[in-house]
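*Asks:* My structure is in coords.cif, and what it holds is mmCIF, C-alpha atoms:
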data_model
#
loop_
_atom_site.group_PDB
_atom_site.id
_atom_site.type_symbol
_atom_site.label_atom_id
_atom_site.label_comp_id
_atom_site.auth_asym_id
_atom_site.auth_seq_id
_atom_site.Cartn_x
_atom_site.Cartn_y
_atom_site.Cartn_z
ATOM 1 C CA MET N 288 1.228 16.037 1.068
ATOM 2 C CA ALA N 289 2.372 12.533 1.958
ATOM 3 C CA GLN N 290 5.619 11.186 0.507
ATOM 4 C CA GLN N 291 4.760 8.399 -1.912
ATOM 5 C CA HIS N 292 6.992 5.752 -3.449
ATOM 6 C CA GLY N 293 6.591 3.261 -6.263
ATOM 7 C CA VAL N 294 5.549 -0.314 -5.550
ATOM 8 C CA ALA N 295 8.988 -1.852 -6.167
ATOM 9 C CA GLN N 296 10.700 0.775 -4.014
ATOM 10 C CA ARG N 297 8.212 0.281 -1.173
ATOM 11 C CA MET N 298 8.700 -3.514 -1.230
ATOM 12 C CA VAL N 299 12.492 -3.087 -1.165
ATOM 13 C CA GLU N 300 12.151 -0.725 1.820
ATOM 14 C CA CYS N 301 10.063 -3.350 3.631
ATOM 15 C CA LYS N 302 12.695 -6.028 2.954
ATOM 16 C CA GLU N 303 15.522 -3.794 4.115
ATOM 17 C CA THR N 304 13.738 -2.997 7.373
ATOM 18 C CA LYS N 305 12.621 -6.657 7.818
ATOM 19 C CA ARG N 306 8.993 -5.595 7.768
ATOM 20 C CA THR N 307 6.380 -7.903 6.249
ATOM 21 C CA ALA N 308 4.348 -5.837 3.807
ATOM 22 C CA PHE N 309 0.639 -5.533 4.562
ATOM 23 C CA ILE N 310 -1.233 -5.241 1.252
ATOM 24 C CA PRO N 311 -4.999 -4.721 1.670
ATOM 25 C CA PHE N 312 -7.443 -4.900 -1.239
ATOM 26 C CA LEU N 313 -10.677 -2.900 -1.567
ATOM 27 C CA VAL N 314 -13.419 -2.760 -4.191
ATOM 28 C CA ALA N 315 -13.836 0.870 -5.235
ATOM 29 C CA GLY N 316 -17.320 2.223 -4.541
ATOM 30 C CA ASP N 317 -18.494 -0.314 -1.967
ATOM 31 C CA PRO N 318 -20.435 0.667 0.083
ATOM 32 C CA ASN N 319 -19.925 4.065 -1.600
ATOM 33 C CA LEU N 320 -17.120 6.180 -3.041
ATOM 34 C CA GLU N 321 -16.773 8.368 0.067
ATOM 35 C CA SER N 322 -16.230 5.246 2.192
ATOM 36 C CA THR N 323 -13.588 4.014 -0.253
ATOM 37 C CA VAL N 324 -11.653 7.271 0.158
ATOM 38 C CA GLU N 325 -11.922 7.095 3.959
ATOM 39 C CA ALA N 326 -10.994 3.389 4.009
ATOM 40 C CA ILE N 327 -7.857 3.984 1.914
ATOM 41 C CA LYS N 328 -6.760 6.793 4.247
ATOM 42 C CA ALA N 329 -7.459 4.601 7.287
ATOM 43 C CA LEU N 330 -5.508 1.649 5.871
ATOM 44 C CA ASP N 331 -2.573 3.930 5.111
ATOM 45 C CA ALA N 332 -2.648 5.317 8.669
ATOM 46 C CA ILE N 333 -2.780 1.791 10.132
ATOM 47 C CA GLY N 334 0.365 0.877 8.216
ATOM 48 C CA ALA N 335 -0.603 -0.601 4.850
ATOM 49 C CA ASP N 336 2.521 -0.744 2.680
ATOM 50 C CA VAL N 337 0.759 -1.062 -0.689
ATOM 51 C CA ILE N 338 -2.998 -0.749 -1.337
ATOM 52 C CA GLU N 339 -4.779 -2.656 -4.097
ATOM 53 C CA LEU N 340 -7.873 -0.932 -5.439
ATOM 54 C CA GLY N 341 -10.278 -3.060 -7.458
ATOM 55 C CA VAL N 342 -12.216 -1.615 -10.379
ATOM 56 C CA PRO N 343 -15.763 -3.093 -10.161
ATOM 57 C CA TYR N 344 -16.367 -5.486 -13.033
ATOM 58 C CA SER N 345 -19.455 -7.433 -14.048
ATOM 59 C CA ASP N 346 -17.704 -10.757 -14.752
ATOM 60 C CA PRO N 347 -14.830 -11.118 -12.284
ATOM 61 C CA LEU N 348 -13.341 -14.534 -13.091
ATOM 62 C CA ALA N 349 -10.892 -14.728 -10.187
ATOM 63 C CA ASP N 350 -13.161 -13.360 -7.500
ATOM 64 C CA GLY N 351 -15.247 -15.257 -5.006
ATOM 65 C CA PRO N 352 -18.739 -14.357 -3.760
ATOM 66 C CA THR N 353 -17.683 -11.592 -1.326
ATOM 67 C CA ILE N 354 -15.804 -9.528 -3.907
ATOM 68 C CA GLN N 355 -18.347 -10.292 -6.633
ATOM 69 C CA ALA N 356 -21.122 -9.015 -4.375
ATOM 70 C CA ALA N 357 -19.134 -5.865 -3.547
ATOM 71 C CA ALA N 358 -18.486 -5.221 -7.257
ATOM 72 C CA THR N 359 -22.191 -5.713 -8.017
ATOM 73 C CA ARG N 360 -23.186 -3.218 -5.289
ATOM 74 C CA ALA N 361 -20.686 -0.688 -6.659
ATOM 75 C CA LEU N 362 -21.841 -1.162 -10.271
ATOM 76 C CA GLN N 363 -25.472 -0.730 -9.214
ATOM 77 C CA GLN N 364 -24.511 2.679 -7.839
ATOM 78 C CA GLY N 365 -22.968 3.627 -11.170
ATOM 79 C CA VAL N 366 -19.324 3.276 -10.148
ATOM 80 C CA ILE N 367 -17.520 3.384 -13.484
ATOM 81 C CA LEU N 368 -13.806 3.506 -14.256
ATOM 82 C CA ASP N 369 -13.663 7.326 -14.305
ATOM 83 C CA LYS N 370 -15.052 7.455 -10.766
ATOM 84 C CA VAL N 371 -12.432 4.968 -9.581
ATOM 85 C CA ILE N 372 -9.692 7.086 -11.181
ATOM 86 C CA ASP N 373 -11.182 10.120 -9.372
ATOM 87 C CA VAL N 374 -10.874 8.269 -6.043
ATOM 88 C CA VAL N 375 -7.179 7.649 -6.762
ATOM 89 C CA ARG N 376 -6.694 11.313 -7.663
ATOM 90 C CA GLN N 377 -8.485 12.426 -4.514
ATOM 91 C CA VAL N 378 -6.660 10.162 -2.084
ATOM 92 C CA THR N 379 -3.047 9.835 -3.275
ATOM 93 C CA PRO N 380 -1.908 13.286 -2.047
ATOM 94 C CA HIS N 381 -2.862 12.233 1.498
ATOM 95 C CA ILE N 382 -1.281 8.752 1.708
ATOM 96 C CA SER N 383 2.197 7.254 1.512
ATOM 97 C CA ALA N 384 1.186 3.737 0.422
ATOM 98 C CA PRO N 385 1.404 3.276 -3.359
ATOM 99 C CA ILE N 386 -1.850 2.224 -5.036
ATOM 100 C CA VAL N 387 -2.006 -0.759 -7.386
ATOM 101 C CA MET N 388 -5.111 -0.762 -9.552
ATOM 102 C CA PHE N 389 -6.630 -4.220 -9.944
ATOM 103 C CA THR N 390 -8.719 -4.487 -13.087
ATOM 104 C CA TYR N 391 -9.743 -7.058 -15.651
ATOM 105 C CA PHE N 392 -8.525 -6.367 -19.175
ATOM 106 C CA ASN N 393 -11.842 -5.394 -20.769
ATOM 107 C CA PRO N 394 -12.067 -1.892 -19.210
ATOM 108 C CA ILE N 395 -8.453 -1.267 -20.283
ATOM 109 C CA MET N 396 -9.148 -2.439 -23.825
ATOM 110 C CA ALA N 397 -12.305 -0.311 -24.046
ATOM 111 C CA ARG N 398 -10.362 2.811 -23.120
ATOM 112 C CA GLY N 399 -7.168 2.000 -25.002
ATOM 113 C CA LEU N 400 -4.034 0.788 -23.231
ATOM 114 C CA GLU N 401 -2.002 3.967 -23.664
ATOM 115 C CA THR N 402 -4.833 6.251 -22.493
ATOM 116 C CA PHE N 403 -5.676 3.996 -19.559
ATOM 117 C CA CYS N 404 -2.094 3.895 -18.268
ATOM 118 C CA GLU N 405 -1.647 7.624 -18.792
ATOM 119 C CA GLN N 406 -4.859 8.419 -16.890
ATOM 120 C CA ILE N 407 -4.261 6.176 -13.876
ATOM 121 C CA LYS N 408 -0.644 7.338 -13.564
ATOM 122 C CA SER N 409 -1.587 11.018 -13.720
ATOM 123 C CA ALA N 410 -4.219 10.332 -11.042
ATOM 124 C CA GLY N 411 -1.484 8.938 -8.783
ATOM 125 C CA ALA N 412 -1.556 5.138 -9.224
ATOM 126 C CA SER N 413 1.788 3.344 -8.951
ATOM 127 C CA GLY N 414 0.981 -0.125 -10.237
ATOM 128 C CA LEU N 415 -1.406 -2.306 -12.194
ATOM 129 C CA LEU N 416 -2.613 -5.882 -11.799
ATOM 130 C CA VAL N 417 -4.640 -7.546 -14.575
ATOM 131 C CA PRO N 418 -5.666 -11.069 -13.509
ATOM 132 C CA ASP N 419 -7.102 -12.300 -16.797
ATOM 133 C CA ILE N 420 -4.061 -11.670 -19.019
ATOM 134 C CA PRO N 421 -1.841 -14.722 -19.515
ATOM 135 C CA LEU N 422 1.938 -14.327 -19.407
ATOM 136 C CA GLU N 423 2.280 -14.651 -23.195
ATOM 137 C CA GLU N 424 0.066 -11.614 -23.760
ATOM 138 C CA THR N 425 1.637 -9.265 -21.220
ATOM 139 C CA THR N 426 4.519 -7.867 -23.306
ATOM 140 C CA GLU N 427 2.668 -4.849 -24.678
ATOM 141 C CA ILE N 428 0.847 -3.990 -21.472
ATOM 142 C CA ARG N 429 4.108 -4.234 -19.491
ATOM 143 C CA GLU N 430 5.933 -1.971 -21.938
ATOM 144 C CA VAL N 431 3.184 0.644 -21.960
ATOM 145 C CA ALA N 432 2.734 0.480 -18.161
ATOM 146 C CA SER N 433 6.512 0.835 -17.674
ATOM 147 C CA SER N 434 6.666 3.797 -20.033
ATOM 148 C CA HIS N 435 4.210 5.542 -17.703
ATOM 149 C CA GLY N 436 6.080 4.549 -14.548
ATOM 150 C CA LEU N 437 3.586 1.840 -13.527
ATOM 151 C CA ASP N 438 4.658 -1.545 -12.099
ATOM 152 C CA LEU N 439 2.765 -4.469 -13.665
ATOM 153 C CA VAL N 440 2.321 -7.047 -10.907
ATOM 154 C CA MET N 441 1.838 -10.647 -12.045
ATOM 155 C CA LEU N 442 0.197 -13.688 -10.499
ATOM 156 C CA ALA N 443 1.637 -17.171 -9.944
ATOM 157 C CA THR N 444 -0.624 -20.010 -8.732
ATOM 158 C CA PRO N 445 -0.166 -23.409 -7.068
ATOM 159 C CA THR N 446 -0.689 -25.094 -10.447
ATOM 160 C CA THR N 447 1.869 -22.958 -12.313
ATOM 161 C CA PRO N 448 4.664 -25.243 -13.608
ATOM 162 C CA THR N 449 8.125 -24.321 -12.281
ATOM 163 C CA PRO N 450 9.603 -23.066 -15.597
ATOM 164 C CA ARG N 451 6.559 -20.842 -16.119
ATOM 165 C CA MET N 452 6.695 -19.621 -12.513
ATOM 166 C CA LYS N 453 10.292 -18.585 -13.154
ATOM 167 C CA LEU N 454 9.227 -16.578 -16.231
ATOM 168 C CA ILE N 455 6.353 -14.916 -14.324
ATOM 169 C CA ALA N 456 8.747 -13.956 -11.516
ATOM 170 C CA GLU N 457 11.150 -12.504 -14.098
ATOM 171 C CA LYS N 458 8.446 -10.427 -15.772
ATOM 172 C CA SER N 459 6.537 -9.309 -12.671
ATOM 173 C CA MET N 460 7.248 -5.804 -11.412
ATOM 174 C CA GLY N 461 6.972 -4.527 -7.847
ATOM 175 C CA PHE N 462 6.444 -7.976 -6.365
ATOM 176 C CA VAL N 463 5.276 -11.443 -7.353
ATOM 177 C CA TYR N 464 1.678 -12.137 -6.278
ATOM 178 C CA LEU N 465 1.545 -15.760 -5.173
ATOM 179 C CA VAL N 466 -1.999 -17.090 -5.149
ATOM 180 C CA SER N 467 -2.202 -19.374 -2.128
ATOM 181 C CA LEU N 468 -4.828 -21.762 -3.472
ATOM 182 C CA THR N 469 -6.548 -22.898 -6.623
ATOM 183 C CA GLY N 470 -9.991 -21.410 -7.217
ATOM 184 C CA VAL N 471 -11.382 -17.958 -6.537
ATOM 185 C CA THR N 472 -10.741 -15.388 -3.830
ATOM 186 C CA GLY N 473 -12.483 -15.716 -0.493
ATOM 187 C CA MET N 474 -11.958 -16.273 3.183
ATOM 188 C CA ARG N 475 -10.648 -19.634 4.312
ATOM 189 C CA GLY N 476 -10.289 -20.889 7.873
ATOM 190 C CA THR N 477 -6.855 -22.317 7.164
ATOM 191 C CA THR N 478 -4.293 -21.540 4.506
ATOM 192 C CA GLU N 479 -3.039 -24.427 2.430
ATOM 193 C CA SER N 480 0.257 -25.626 3.871
ATOM 194 C CA ARG N 481 1.802 -26.089 0.439
ATOM 195 C CA VAL N 482 2.126 -22.307 0.306
ATOM 196 C CA GLU N 483 5.385 -22.717 2.260
ATOM 197 C CA GLY N 484 6.758 -24.982 -0.479
ATOM 198 C CA LEU N 485 5.597 -22.572 -3.179
ATOM 199 C CA ILE N 486 7.346 -19.657 -1.477
ATOM 200 C CA GLU N 487 10.559 -21.700 -1.286
ATOM 201 C CA GLN N 488 10.188 -22.668 -4.940
ATOM 202 C CA LEU N 489 9.779 -19.027 -5.982
ATOM 203 C CA ARG N 490 12.706 -17.976 -3.767
ATOM 204 C CA GLU N 491 14.960 -20.248 -5.809
ATOM 205 C CA THR N 492 14.029 -18.392 -9.005
ATOM 206 C CA THR N 493 13.773 -14.748 -7.927
ATOM 207 C CA ASP N 494 15.036 -12.203 -5.445
ATOM 208 C CA LYS N 495 11.899 -10.086 -5.932
ATOM 209 C CA SER N 496 9.476 -9.724 -3.057
ATOM 210 C CA ILE N 497 6.825 -12.445 -2.817
ATOM 211 C CA ALA N 498 3.390 -11.488 -1.503
ATOM 212 C CA VAL N 499 0.772 -14.145 -0.770
ATOM 213 C CA GLY N 500 -2.955 -13.628 -1.203
ATOM 214 C CA PHE N 501 -6.342 -15.347 -1.760
ATOM 215 C CA GLY N 502 -8.005 -16.802 1.314
ATOM 216 C CA VAL N 503 -6.328 -14.738 4.065
ATOM 217 C CA SER N 504 -9.105 -13.988 6.516
ATOM 218 C CA GLY N 505 -7.414 -12.763 9.683
ATOM 219 C CA PRO N 506 -4.307 -12.236 11.815
ATOM 220 C CA ASP N 507 -3.561 -15.931 12.457
ATOM 221 C CA GLN N 508 -3.323 -16.763 8.777
ATOM 222 C CA ALA N 509 -1.355 -13.597 8.065
ATOM 223 C CA LYS N 510 1.161 -14.559 10.761
ATOM 224 C CA GLN N 511 1.378 -18.093 9.338
ATOM 225 C CA ILE N 512 2.187 -16.724 5.877
ATOM 226 C CA LYS N 513 4.827 -14.437 7.361
ATOM 227 C CA ASP N 514 6.372 -17.385 9.204
ATOM 228 C CA TRP N 515 6.491 -19.356 5.961
ATOM 229 C CA GLY N 516 8.793 -16.690 4.574
ATOM 230 C CA ALA N 517 6.545 -14.404 2.495
ATOM 231 C CA ASP N 518 7.614 -10.786 2.082
ATOM 232 C CA GLY N 519 4.031 -9.565 2.003
ATOM 233 C CA VAL N 520 0.499 -10.603 2.934
ATOM 234 C CA ILE N 521 -2.451 -9.601 0.729
ATOM 235 C CA VAL N 522 -5.880 -9.419 2.373
ATOM 236 C CA GLY N 523 -8.988 -8.866 0.256
ATOM 237 C CA SER N 524 -12.313 -10.583 0.925
ATOM 238 C CA ALA N 525 -12.208 -10.262 4.725
ATOM 239 C CA LEU N 526 -11.675 -6.491 4.540
ATOM 240 C CA VAL N 527 -14.182 -6.066 1.704
ATOM 241 C CA LYS N 528 -16.771 -7.946 3.762
ATOM 242 C CA ALA N 529 -16.057 -5.901 6.913
ATOM 243 C CA LEU N 530 -16.451 -2.618 5.034
ATOM 244 C CA GLY N 531 -19.260 -3.424 2.605
ATOM 245 C CA GLU N 532 -21.567 -5.742 4.535
ATOM 246 C CA ALA N 533 -21.925 -3.712 7.744
ATOM 247 C CA SER N 534 -25.238 -2.091 8.660
ATOM 248 C CA SER N 535 -23.884 1.414 7.973
ATOM 249 C CA PRO N 536 -20.829 2.883 6.227
ATOM 250 C CA GLN N 537 -19.428 4.120 9.562
ATOM 251 C CA GLU N 538 -19.778 0.678 11.157
ATOM 252 C CA GLY N 539 -18.102 -0.770 8.096
ATOM 253 C CA LEU N 540 -15.155 1.609 8.442
ATOM 254 C CA ASP N 541 -14.808 0.769 12.131
ATOM 255 C CA ALA N 542 -14.881 -2.981 11.390
ATOM 256 C CA LEU N 543 -12.326 -2.551 8.611
ATOM 257 C CA LYS N 544 -9.971 -0.592 10.879
ATOM 258 C CA THR N 545 -10.212 -3.185 13.663
ATOM 259 C CA LEU N 546 -9.487 -6.096 11.334
ATOM 260 C CA ALA N 547 -6.718 -4.268 9.461
ATOM 261 C CA LYS N 548 -5.005 -3.263 12.698
ATOM 262 C CA SER N 549 -5.128 -6.844 14.008
ATOM 263 C CA ILE N 550 -3.453 -8.086 10.794
ATOM 264 C CA ARG N 551 -0.841 -5.306 10.772
ATOM 265 C CA ASP N 552 0.006 -6.077 14.410
ATOM 266 C CA ALA N 553 0.277 -9.819 13.681
ATOM 267 C CA ILE N 554 2.893 -9.426 10.972
#
As structure tokens, what does this structure read like?
*Replies:*
Amino acid sequence: MAQQHGVAQRMVECKETKRTAFIPFLVAGDPNLESTVEAIKALDAIGADVIELGVPYSDPLADGPTIQAAATRALQQGVILDKVIDVVRQVTPHISAPIVMFTYFNPIMARGLETFCEQIKSAGASGLLVPDIPLEETTEIREVASSHGLDLVMLATPTTPTPRMKLIAEKSMGFVYLVSLTGVTGMRGTTESRVEGLIEQLRETTDKSIAVGFGVSGPDQAKQIKDWGADGVIVGSALVKALGEASSPQEGLDALKTLAKSIRDAI
């Protein structure tokens, strides 16, 4: 059984060892649930420090076409919340990277906050990220998540005013997720240079780890974000595309491993 730590502890370990955290994101159930399990194990073996696992949702506000398409494929195969929780239960004994579940609020509300947090924690999840909950409405979810030993990770964006960014950094657990651009997720050829300024701005308000995501498509961008001073690099769409849009699940896994290794090596 692999030794697993919480999200905050893992990010502190990365800081102490001057290692930039590699935080990949996958959509559960794309191309199928077996591939998700294998992909999580592969990412852990390659050196992922935290793994974000997306619950497929029919109306993903923050997600671009790649992740939307992956969620649609998963939903068409009947991938529901219980199956995603089963994946977490199946895989966590074999990995050391903590899993952060990425889900919109509706599935949580449908199940009940207390039950949801209890179930994902008992399955082995370490954290939770809910992109469609504004700061003002996070008090209850943070308290319930904390009571179950889950870190609630929060998002700050380029348009977040400084006083609000400070509050988000204060309330975020595990790390602060800095969205590198306005708009939805997706692969970009270049990362907006104002990310460097945003990292500096956040640094002035918090000593928590800062991880940058949205639009990171490969090793060059990951290295750029590291050089700008981020503590972690989050990669979603590029990995989701590699895994889910290949001609077979095995080819998808091979493509995912190649891309993930190139990013891990770059940072």
*Asks:* List the residues matched by the PyMOL selection byres ((chain N and resi 367) around 10) in the displayed structure as a VMD selection string, ordered by chain and then by residue number.
*Replies:* chain N and resid 315 to 316 342 to 344 361 to 366 368 to 372 394
*Asks:* Kindly save the residues from that selection, with C-alpha atoms included, as a PDB file, in the coordinates of the input.
*Replies:*
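And here's out24.pdb as it stands now:
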ATOM      1  CA  ALA N 315     -13.836   0.870  -5.235  1.00  0.00           C
ATOM      2  CA  GLY N 316     -17.320   2.223  -4.541  1.00  0.00           C
ATOM      3  CA  VAL N 342     -12.216  -1.615 -10.379  1.00  0.00           C
ATOM      4  CA  PRO N 343     -15.763  -3.093 -10.161  1.00  0.00           C
ATOM      5  CA  TYR N 344     -16.367  -5.486 -13.033  1.00  0.00           C
ATOM      6  CA  ALA N 361     -20.686  -0.688  -6.659  1.00  0.00           C
ATOM      7  CA  LEU N 362     -21.841  -1.162 -10.271  1.00  0.00           C
ATOM      8  CA  GLN N 363     -25.472  -0.730  -9.214  1.00  0.00           C
ATOM      9  CA  GLN N 364     -24.511   2.679  -7.839  1.00  0.00           C
ATOM     10  CA  GLY N 365     -22.968   3.627 -11.170  1.00  0.00           C
ATOM     11  CA  VAL N 366     -19.324   3.276 -10.148  1.00  0.00           C
ATOM     12  CA  LEU N 368     -13.806   3.506 -14.256  1.00  0.00           C
ATOM     13  CA  ASP N 369     -13.663   7.326 -14.305  1.00  0.00           C
ATOM     14  CA  LYS N 370     -15.052   7.455 -10.766  1.00  0.00           C
ATOM     15  CA  VAL N 371     -12.432   4.968  -9.581  1.00  0.00           C
ATOM     16  CA  ILE N 372      -9.692   7.086 -11.181  1.00  0.00           C
ATOM     17  CA  PRO N 394     -12.067  -1.892 -19.210  1.00  0.00           C
TER      18      PRO N 394
END
*Asks:* Just to confirm, what's the straight-line distance from CA of Pro311 (chain N) to CA of Val522 (chain N) in Å (one decimal)?
*Replies:* 4.8 Å
*Asks:* Would you work out the distance separating CA of Ile455 (chain N) from CA of Ser345 (chain N), expressed in Å to one decimal?
*Replies:* 26.9 Å
*Asks:* One number please: CA of Leu540 (chain N) to CA of Gln355 (chain N), in Å, one decimal.
*Replies:*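 Pair CA of Leu540 (chain N) / CA of Gln355 (chain N) returns 19.5 Å.
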*Asks:* Given only C-alpha atoms, how would the per-residue table for region 421-526 of chain N near region 321-335 of chain N read, listing every residue at most 12 Å away with its closest atom pair and distance in Å to one decimal, sorted by chain and number, as JSON lines?
*Replies:*
{"residue": "N:Gly519", "atom": "CA", "partner": "N:Ala335", "partner_atom": "CA", "distance": 10.5}
{"residue": "N:Val520", "atom": "CA", "partner": "N:Ala335", "partner_atom": "CA", "distance": 10.2}
{"residue": "N:Ile521", "atom": "CA", "partner": "N:Ala335", "partner_atom": "CA", "distance": 10.1}
{"residue": "N:Val522", "atom": "CA", "partner": "N:Ala335", "partner_atom": "CA", "distance": 10.6}
{"residue": "N:Leu526", "atom": "CA", "partner": "N:Ala326", "partner_atom": "CA", "distance": 9.9}
*Asks:* Given the file shown, determine the residues that the PyMOL selection byres ((chain N and resi 494) around 10) selects; report them as a ChimeraX atom specification.
*Replies:* /N:456-457,462-463,489-493,495-497
*Asks:* For those residues, write C-alpha atoms to a file as a short mmCIF file (atom, residue, chain, number, x, y, z; two decimals), in the frame of the given file.
*Replies:*
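Output below, filename selection-v1.cif:
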data_model
loop_
_atom_site.label_atom_id
_atom_site.label_comp_id
_atom_site.auth_asym_id
_atom_site.auth_seq_id
_atom_site.Cartn_x
_atom_site.Cartn_y
_atom_site.Cartn_z
CA ALA N 456 8.75 -13.96 -11.52
CA GLU N 457 11.15 -12.50 -14.10
CA PHE N 462 6.44 -7.98 -6.36
CA VAL N 463 5.28 -11.44 -7.35
CA LEU N 489 9.78 -19.03 -5.98
CA ARG N 490 12.71 -17.98 -3.77
CA GLU N 491 14.96 -20.25 -5.81
CA THR N 492 14.03 -18.39 -9.01
CA THR N 493 13.77 -14.75 -7.93
CA LYS N 495 11.90 -10.09 -5.93
CA SER N 496 9.48 -9.72 -3.06
CA ILE N 497 6.82 -12.44 -2.82
#
*Asks:* Pull out every residue that the PyMOL selection byres ((chain N and resi 437) around 12) matches in the shown coordinates and put them as a compact mmCIF listing (two decimals) with C-alpha atoms, keeping the file's coordinate frame.
*Replies:*
# COMPACT_ATOMS: atom_id res chain seq x y z
CA HIS N 292 6.99 5.75 -3.45
CA GLY N 293 6.59 3.26 -6.26
CA VAL N 294 5.55 -0.31 -5.55
CA ALA N 295 8.99 -1.85 -6.17
CA GLN N 296 10.70 0.78 -4.01
CA PRO N 385 1.40 3.28 -3.36
CA ILE N 386 -1.85 2.22 -5.04
CA VAL N 387 -2.01 -0.76 -7.39
CA MET N 388 -5.11 -0.76 -9.55
CA GLU N 401 -2.00 3.97 -23.66
CA PHE N 403 -5.68 4.00 -19.56
CA CYS N 404 -2.09 3.90 -18.27
CA GLU N 405 -1.65 7.62 -18.79
CA GLN N 406 -4.86 8.42 -16.89
CA ILE N 407 -4.26 6.18 -13.88
CA LYS N 408 -0.64 7.34 -13.56
CA SER N 409 -1.59 11.02 -13.72
CA ALA N 410 -4.22 10.33 -11.04
CA GLY N 411 -1.48 8.94 -8.78
CA ALA N 412 -1.56 5.14 -9.22
CA SER N 413 1.79 3.34 -8.95
CA GLY N 414 0.98 -0.12 -10.24
CA LEU N 415 -1.41 -2.31 -12.19
CA LEU N 416 -2.61 -5.88 -11.80
CA ILE N 428 0.85 -3.99 -21.47
CA ARG N 429 4.11 -4.23 -19.49
CA GLU N 430 5.93 -1.97 -21.94
CA VAL N 431 3.18 0.64 -21.96
CA ALA N 432 2.73 0.48 -18.16
CA SER N 433 6.51 0.84 -17.67
CA SER N 434 6.67 3.80 -20.03
CA HIS N 435 4.21 5.54 -17.70
CA GLY N 436 6.08 4.55 -14.55
CA ASP N 438 4.66 -1.54 -12.10
CA LEU N 439 2.76 -4.47 -13.66
CA VAL N 440 2.32 -7.05 -10.91
CA SER N 459 6.54 -9.31 -12.67
CA MET N 460 7.25 -5.80 -11.41
CA GLY N 461 6.97 -4.53 -7.85
*Asks:* I need the residue nearest Val503 (chain N) from this list: N:Ala525, N:Ile354, N:Leu465, N:Ile486. Use only C-alpha atoms for the distance.
*Replies:*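 Nearest candidate to Val503 (chain N) out of N:Ala525, N:Ile354, N:Leu465, N:Ile486: N:Ala525.
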*Asks:* Pick from N:Asp350, N:Asp518, N:Gly399, N:Glu487: nearest to Met298 (chain N), with only C-alpha atoms counted?
*Replies:* N:Asp518
*Asks:* Neighbours of Pro445 (chain N) within 12 Å (all atoms listed in the file; same-chain residues fewer than 4 positions away dropped), as a list in words?
*Replies:*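 That gives Thr449, Arg451, Met452, Tyr464, Leu465, Val466, Ser467, Leu468, Thr469, Gly470, Glu479, Ser480, Arg481, Val482, Glu483, Gly484, Leu485, Ile486, Gln488, Leu489, Val499, Gly500 and Phe501 of chain N.
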*Asks:* Got time to write the residues from that selection, C-alpha atoms, as a compact mmCIF listing (two decimals), keeping the file's coordinate frame?
*Replies:*
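Written file, out.txt:
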# COMPACT_ATOMS: atom_id res chain seq x y z
CA THR N 449 8.12 -24.32 -12.28
CA ARG N 451 6.56 -20.84 -16.12
CA MET N 452 6.70 -19.62 -12.51
CA TYR N 464 1.68 -12.14 -6.28
CA LEU N 465 1.54 -15.76 -5.17
CA VAL N 466 -2.00 -17.09 -5.15
CA SER N 467 -2.20 -19.37 -2.13
CA LEU N 468 -4.83 -21.76 -3.47
CA THR N 469 -6.55 -22.90 -6.62
CA GLY N 470 -9.99 -21.41 -7.22
CA GLU N 479 -3.04 -24.43 2.43
CA SER N 480 0.26 -25.63 3.87
CA ARG N 481 1.80 -26.09 0.44
CA VAL N 482 2.13 -22.31 0.31
CA GLU N 483 5.38 -22.72 2.26
CA GLY N 484 6.76 -24.98 -0.48
CA LEU N 485 5.60 -22.57 -3.18
CA ILE N 486 7.35 -19.66 -1.48
CA GLN N 488 10.19 -22.67 -4.94
CA LEU N 489 9.78 -19.03 -5.98
CA VAL N 499 0.77 -14.14 -0.77
CA GLY N 500 -2.96 -13.63 -1.20
CA PHE N 501 -6.34 -15.35 -1.76
